[in-house]
Each structure stands twice: as structure tokens, then as C-alpha cells.
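To keep things clear, I will list the structure first and then write my remarks on it.
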Amino acid sequence: MLKKMGEAVARVARKVNETVENDSDTLDLAECKLVSFPVGIYKVLRNVAEHIRFIVLANNELQALTGKFMSTFSQLQELNLEGNALRRLPDEISTLQHLKAINLARNQFQDFPEKLTALQALETINLEKNGIVDVPVEKLAAMPALRSVNLQLNPLNPEVRAIARPLIKFDLLVSPEGAQSDSAP
């Protein structure tokens, strides 16, 4: 077990160092067995954080992100959090005014993260395979840049389906009526 933990820590360190050394606009920490975003990374990235546009934290075990994460990476354009254990987003998500795409597929959201509706540049929201029942359709319809919302494999209320189509100008992907996710929480 300690060997696996050591390998995971080494992998994170290697990926963070690559980002810093290459002055990259991407931080890829996918599949690093992270339960939380390591606090030490903020110090290592302090000189390049404002240049980071893309963060991939997919397929970890994240249960939460902090406000510090959002404020540190305020220039983000894409955030991939697919395949974690997230149930909510911090209030500070609203500071990501450059965010164009967020992938929250295969997490544990029971409620649609309404704070996303305040992001004027957001074009794509992926919430596939969560446990979402209700969606703020009116708020989504008012988002100027929104082009696609993926809500497939969520146990959506029939009312959401009924009112969504006439109100929206973006692609709304939902599973056929009656189809449910086998592993929805």
C-alpha cells in the first residue's frame, strides 16, 4: 500500500514539474488517486498559475474542491473533473469568468450546480451520469454562450423535459424517457 501511495505522489510531482518546466498552459493530474487537491501544489505553481488554462483531474477520488483552487486558477478555460466523488462545487466557481467547458460527468451530484449559470463564457456543461433530478432550465436558457448541456443518465423530472425544449437554444442531451443509470447514486 505504501509503495502505491509513493508511486501516486511521485506521479503528481512529475506532472506538476512538467507543467512548471515547460511553462505549460495545462495541468494534467488525471488518474493520480487524489482525494483532495494537494496544498503543496499551490506553492510550486505560484509563478505559472495565471498561465494555466486547462486542468484535468479526471478519474481521481476527489470529494471536494476548495475556493482556493478556484481563485488560484482564475484564468481557467477548461476544467475536467470527470469520474470523481464530487457532490457540489465551491461558491468561488463563479470567479472563473473565462471558463468555457466543465466536465462533471460520473460524479455524485444530486443537484444541478446552479453557480455555473453565473459563468457568462461557459459553452459546455457535462453532467452525464450523476443523480440530478431538477435543472434550472430558465437560468440555463439565459446563459449567452451556452451551446451544450449533457444530462444523459440522470433521473430527470419529466417536467424538466417538458419545459426545456421550448426554452433552450443550446443542445440538451438527455437519455430517452424511462432510461436510468444503473449506478446513479
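Ordering of the C-alpha cells sets the chain letters (A, B, ...), residue numbers begin anew at 1 in every chain, and ligands are numbered from 1 in the order given.
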Surrounding residues of stretch 53-60 of chain A excluding itself and chain neighbours under 4 positions, 12 Å, only C-alpha atoms, as a compact mmCIF listing (two decimals) with C-alpha atoms, in the first residue's frame:
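File produced: selection-v6.txt:
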# COMPACT_ATOMS: atom_id res chain seq x y z
CA ALA A 8 0.99 8.21 -6.81
CA VAL A 12 1.78 14.01 -9.18
CA LYS A 15 3.31 16.03 -13.74
CA VAL A 16 3.42 19.29 -11.77
CA THR A 19 3.85 21.92 -16.16
CA ASP A 23 5.58 26.76 -18.75
CA SER A 24 2.58 24.78 -19.96
CA ASP A 25 -0.98 26.05 -20.01
CA THR A 26 -2.18 22.55 -18.99
CA LEU A 27 -2.07 20.76 -15.65
CA ASP A 28 -2.96 17.09 -16.10
CA LEU A 29 -3.39 15.19 -12.85
CA ALA A 30 -5.79 12.55 -14.18
CA GLU A 31 -5.72 9.13 -12.55
CA CYS A 32 -3.43 10.15 -9.68
CA LYS A 33 -5.61 8.72 -6.87
CA LEU A 34 -6.14 12.22 -5.43
CA VAL A 35 -8.67 12.52 -2.60
CA SER A 36 -8.10 16.29 -2.45
CA PHE A 37 -6.07 18.81 -4.40
CA PRO A 38 -2.62 18.80 -2.76
CA VAL A 48 2.68 29.82 -13.51
CA ALA A 49 -0.87 29.50 -12.12
CA ALA A 64 -14.43 18.48 -2.89
CA LEU A 65 -12.55 21.40 -4.37
CA PHE A 69 -8.38 26.15 -6.05
CA MET A 70 -10.85 28.36 -7.95
CA THR A 72 -5.65 30.28 -7.82
CA PHE A 73 -6.62 29.14 -11.31
CA SER A 74 -8.86 32.10 -12.16
CA GLN A 75 -7.84 32.07 -15.85
CA LEU A 76 -9.12 28.54 -16.48
CA GLN A 77 -10.91 27.88 -19.76
CA GLU A 78 -11.50 24.13 -19.34
CA LEU A 79 -11.88 22.05 -16.20
CA ASN A 80 -12.23 18.26 -16.41
CA LEU A 81 -13.43 16.68 -13.17
CA GLU A 82 -14.99 13.56 -14.69
CA GLY A 83 -15.04 10.38 -12.62
CA ASN A 84 -14.65 11.72 -9.07
CA ALA A 85 -16.88 11.77 -5.98
CA LEU A 86 -17.93 15.44 -6.11
CA LEU A 96 -13.93 31.51 -13.24
CA GLN A 97 -15.20 34.08 -15.74
CA HIS A 98 -13.08 32.64 -18.60
CA LEU A 99 -14.33 29.06 -18.17
CA LYS A 100 -15.72 27.68 -21.45
CA ALA A 101 -16.10 23.97 -20.65
CA ILE A 102 -16.61 21.95 -17.49
CA ASN A 103 -16.84 18.18 -17.34
CA LEU A 104 -18.54 16.87 -14.19
CA ALA A 105 -19.65 13.53 -15.65
CA ARG A 106 -19.65 10.45 -13.41
CA ASN A 107 -19.66 12.26 -10.07
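Here atom CA of A:Leu89 and atom CA of A:Thr124 stand 16.3 Å from one another.
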- Message: When you look at A:Leu116 with a cut-off of 8 Å (counting only C-alpha atoms), what residues show up, excluding the ones that are within fewer than 4 positions of it in the same chain? I need them as a PyMOL selection string.
- Response: chain A and resi 93-94+122
- Task: Write out as a ChimeraX atom specification each polymer residue whose atoms come within 7 Å of A:Ala141, counting only C-alpha atoms; drop sequence neighbours fewer than 5 positions from it.
- Result: /A:167-169
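DSSP secondary structure from the backbone places Val137, Glu138, Lys139, Leu140, Ala141, Pro158, Glu159, Val160, Arg161, Ala162, Ile163, Ala164, Arg165, Pro166 and Leu167 of chain A of stretch 124-172 of chain A in helix (DSSP H, G or I).
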- Straight-line distance linking atom CA of A:Asn157 with atom CA of A:Ala142, stated in Å to one decimal: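 Going from atom CA of A:Asn157 over to atom CA of A:Ala142 covers 20.5 Å.
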- Query: How far is it from atom CA of A:Leu140 to atom CA of A:Glu114, in Å with one decimal?
  - Reply: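 Computed distance, atom CA of A:Leu140 to atom CA of A:Glu114, equals 8.9 Å.
Remark: for A:Thr66, the closest of the candidate residues A:Leu119, A:Ile52, A:Val137, A:Val39 is A:Val39 (distances computed over only C-alpha atoms).
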- Using only C-alpha atoms, find the one residue out of A:Arg87, A:Lys68, A:Arg11, A:Arg46 that sits nearest to A:Asn130.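 Looking only at the distances to A:Asn130, the closest residue turns out to be A:Arg87.
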